[in-house]
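Peer 1: Mind having a look at this structure? Questions to follow.
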Amino acid sequence: MSQTALELTVQLKTGDSKQFTKSCDTNNTSVTLNSLRQNCFTLQKEVNDFLTTLVEEERSVSNVNNESKTNDSMEDDDDDDDDDEEDDEEDGVNSSGPKCKRLKQ
């Protein structure tokens with residue numbers, strides 16, 4: 001007697017594959033529609049949970065990479081701000097605004 005099962009294979013970006021298998025309950029060597037339907041739902045939930053975990057892991061890695069790039073660019077921007085302040089001081093402008101001179105009347 002052969003066993004009836006649902007099989008689903010997920011191909012990952014790494015080239016690996018993950019296989020999910022769900023055996024169907026057999027009733028006198030035949031599978032009922034209800035059993036097949038229930039096993040499809042169960043298999044779908046397992047695969048969805050697996051894929052959700054993969055997506056969350058990728059997002060966390062992506063967020064860490066983006067944060068490090070953002071921090072690097074912010075440090076570069078801070079360096080540029082220092083240069084701008086030095087230029088402004090040479091032009092008679094400081095961070096609190098331009099210098100005002102009162103003229104004698």
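Going through the structure tokens in order, the chains are called A, B, and so on, while each chain numbers its residues from 1 and the ligands are numbered from 1 in the order shown.
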When you look at Lys22 in chain A with a cut-off of 9 Å (counting only C-alpha atoms), what residues show up, excluding the ones that are within fewer than 5 positions of it in the same chain? I need them as a PDB file with all heavy atoms, in the first residue's frame.
Peer 2:
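result30.pdb, written as the output of this step:
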```pdb
ATOM      1  N   THR A   4      -0.026   8.407   0.517  1.00  0.00           N
ATOM      2  CA  THR A   4      -0.255   9.656  -0.200  1.00  0.00           C
ATOM      3  C   THR A   4       0.256  10.804   0.657  1.00  0.00           C
ATOM      4  O   THR A   4      -0.001  10.857   1.860  1.00  0.00           O
ATOM      5  CB  THR A   4      -1.760   9.852  -0.473  1.00  0.00           C
ATOM      6  OG1 THR A   4      -2.232   8.707  -1.188  1.00  0.00           O
ATOM      7  CG2 THR A   4      -2.009  11.101  -1.269  1.00  0.00           C
ATOM      8  N   ALA A   5       0.993  11.736   0.016  1.00  0.00           N
ATOM      9  CA  ALA A   5       1.554  12.864   0.747  1.00  0.00           C
ATOM     10  C   ALA A   5       1.583  14.096  -0.143  1.00  0.00           C
ATOM     11  O   ALA A   5       1.656  13.999  -1.366  1.00  0.00           O
ATOM     12  CB  ALA A   5       2.962  12.535   1.227  1.00  0.00           C
ATOM     13  N   LEU A   6       1.547  15.243   0.499  1.00  0.00           N
ATOM     14  CA  LEU A   6       1.729  16.519  -0.194  1.00  0.00           C
ATOM     15  C   LEU A   6       3.190  16.915  -0.007  1.00  0.00           C
ATOM     16  O   LEU A   6       3.719  16.817   1.094  1.00  0.00           O
ATOM     17  CB  LEU A   6       0.833  17.588   0.420  1.00  0.00           C
ATOM     18  CG  LEU A   6      -0.661  17.364   0.319  1.00  0.00           C
ATOM     19  CD1 LEU A   6      -1.398  18.363   1.190  1.00  0.00           C
ATOM     20  CD2 LEU A   6      -1.106  17.501  -1.124  1.00  0.00           C
ATOM     21  N   GLU A   7       3.810  17.345  -1.078  1.00  0.00           N
ATOM     22  CA  GLU A   7       5.205  17.775  -1.001  1.00  0.00           C
ATOM     23  C   GLU A   7       5.346  19.147  -1.626  1.00  0.00           C
ATOM     24  O   GLU A   7       4.748  19.425  -2.666  1.00  0.00           O
ATOM     25  CB  GLU A   7       6.120  16.788  -1.727  1.00  0.00           C
ATOM     26  CG  GLU A   7       6.235  15.460  -1.056  1.00  0.00           C
ATOM     27  CD  GLU A   7       7.241  14.538  -1.745  1.00  0.00           C
ATOM     28  OE1 GLU A   7       7.837  14.950  -2.759  1.00  0.00           O
ATOM     29  OE2 GLU A   7       7.407  13.422  -1.262  1.00  0.00           O
ATOM     30  N   LEU A   8       6.140  20.000  -0.984  1.00  0.00           N
ATOM     31  CA  LEU A   8       6.410  21.331  -1.502  1.00  0.00           C
ATOM     32  C   LEU A   8       7.884  21.620  -1.284  1.00  0.00           C
ATOM     33  O   LEU A   8       8.416  21.377  -0.199  1.00  0.00           O
ATOM     34  CB  LEU A   8       5.562  22.370  -0.767  1.00  0.00           C
ATOM     35  CG  LEU A   8       5.643  23.764  -1.362  1.00  0.00           C
ATOM     36  CD1 LEU A   8       4.262  24.346  -1.501  1.00  0.00           C
ATOM     37  CD2 LEU A   8       6.512  24.647  -0.536  1.00  0.00           C
ATOM     38  N   ASN A  39      -4.816  18.955   5.116  1.00  0.00           N
ATOM     39  CA  ASN A  39      -3.363  18.842   5.004  1.00  0.00           C
ATOM     40  C   ASN A  39      -2.769  19.957   4.149  1.00  0.00           C
ATOM     41  O   ASN A  39      -1.656  20.397   4.401  1.00  0.00           O
ATOM     42  CB  ASN A  39      -2.983  17.462   4.467  1.00  0.00           C
ATOM     43  CG  ASN A  39      -3.143  16.388   5.515  1.00  0.00           C
ATOM     44  OD1 ASN A  39      -2.687  16.535   6.641  1.00  0.00           O
ATOM     45  ND2 ASN A  39      -3.830  15.319   5.166  1.00  0.00           N
ATOM     46  N   CYS A  40      -3.501  20.423   3.165  1.00  0.00           N
ATOM     47  CA  CYS A  40      -3.042  21.572   2.365  1.00  0.00           C
ATOM     48  C   CYS A  40      -2.940  22.820   3.232  1.00  0.00           C
ATOM     49  O   CYS A  40      -1.965  23.571   3.149  1.00  0.00           O
ATOM     50  CB  CYS A  40      -3.993  21.836   1.202  1.00  0.00           C
ATOM     51  SG  CYS A  40      -3.787  20.718  -0.186  1.00  0.00           S
ATOM     52  N   THR A  42      -2.526  22.933   6.474  1.00  0.00           N
ATOM     53  CA  THR A  42      -1.436  22.741   7.429  1.00  0.00           C
ATOM     54  C   THR A  42      -0.079  22.964   6.755  1.00  0.00           C
ATOM     55  O   THR A  42       0.795  23.646   7.298  1.00  0.00           O
ATOM     56  CB  THR A  42      -1.494  21.323   8.038  1.00  0.00           C
ATOM     57  OG1 THR A  42      -2.778  21.129   8.636  1.00  0.00           O
ATOM     58  CG2 THR A  42      -0.422  21.128   9.080  1.00  0.00           C
ATOM     59  N   LEU A  43       0.086  22.412   5.571  1.00  0.00           N
ATOM     60  CA  LEU A  43       1.334  22.581   4.826  1.00  0.00           C
ATOM     61  C   LEU A  43       1.549  24.053   4.471  1.00  0.00           C
ATOM     62  O   LEU A  43       2.655  24.579   4.593  1.00  0.00           O
ATOM     63  CB  LEU A  43       1.319  21.720   3.564  1.00  0.00           C
ATOM     64  CG  LEU A  43       2.593  21.721   2.721  1.00  0.00           C
ATOM     65  CD1 LEU A  43       3.764  21.150   3.510  1.00  0.00           C
ATOM     66  CD2 LEU A  43       2.385  20.933   1.449  1.00  0.00           C
TER      67      LEU A  43
END
```
Peer 1: So that I can check the surroundings of Thr9 in chain A, please list as a ChimeraX atom specification every protein, DNA and RNA residue that reaches within 9 Å of it, counting only C-alpha atoms and ignoring chain neighbours fewer than 5 positions away.
Peer 2: /A:17-21
Peer 1: Can you write just those residues out, C-alpha atoms, as a PDB file, in the first residue's frame?
Peer 2:
```
ATOM      1  CA  SER A  17      16.276  23.833  -1.065  1.00  0.00           C
ATOM      2  CA  LYS A  18      13.902  23.156   1.782  1.00  0.00           C
ATOM      3  CA  GLN A  19      11.316  20.432   1.365  1.00  0.00           C
ATOM      4  CA  PHE A  20       8.038  20.260   3.254  1.00  0.00           C
ATOM      5  CA  THR A  21       6.032  17.029   3.337  1.00  0.00           C
TER       6      THR A  21
END
```
Peer 1: Taking only C-alpha atoms into account, name the residue in A:Val61, A:Leu33, A:Val10, A:Cys24 that is nearest to Val47 in chain A.
Peer 2: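 Comparing A:Val61, A:Leu33, A:Val10, A:Cys24 against Val47 in chain A, the winner is A:Val10.
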Peer 1: So what do you get for CA of Glu67 in chain A versus CA of Thr52 in chain A, distance-wise?
Peer 2: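 The value is 22.2 Å.
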Peer 1: Which residue, A:Lys69, A:Glu57, A:Ser62, A:Gln3, has the smallest gap to Ser30 in chain A when you use only C-alpha atoms?
Peer 2: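 Looking at the shortest contact to Ser30 in chain A, the residue is A:Gln3.
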Peer 1: In Å, rounded to a single decimal, give me how far CA of Gln38 in chain A is from CA of Ser23 in chain A.
Peer 2: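 Between CA of Ser23 in chain A and CA of Gln38 in chain A the gap works out to 10.9 Å.
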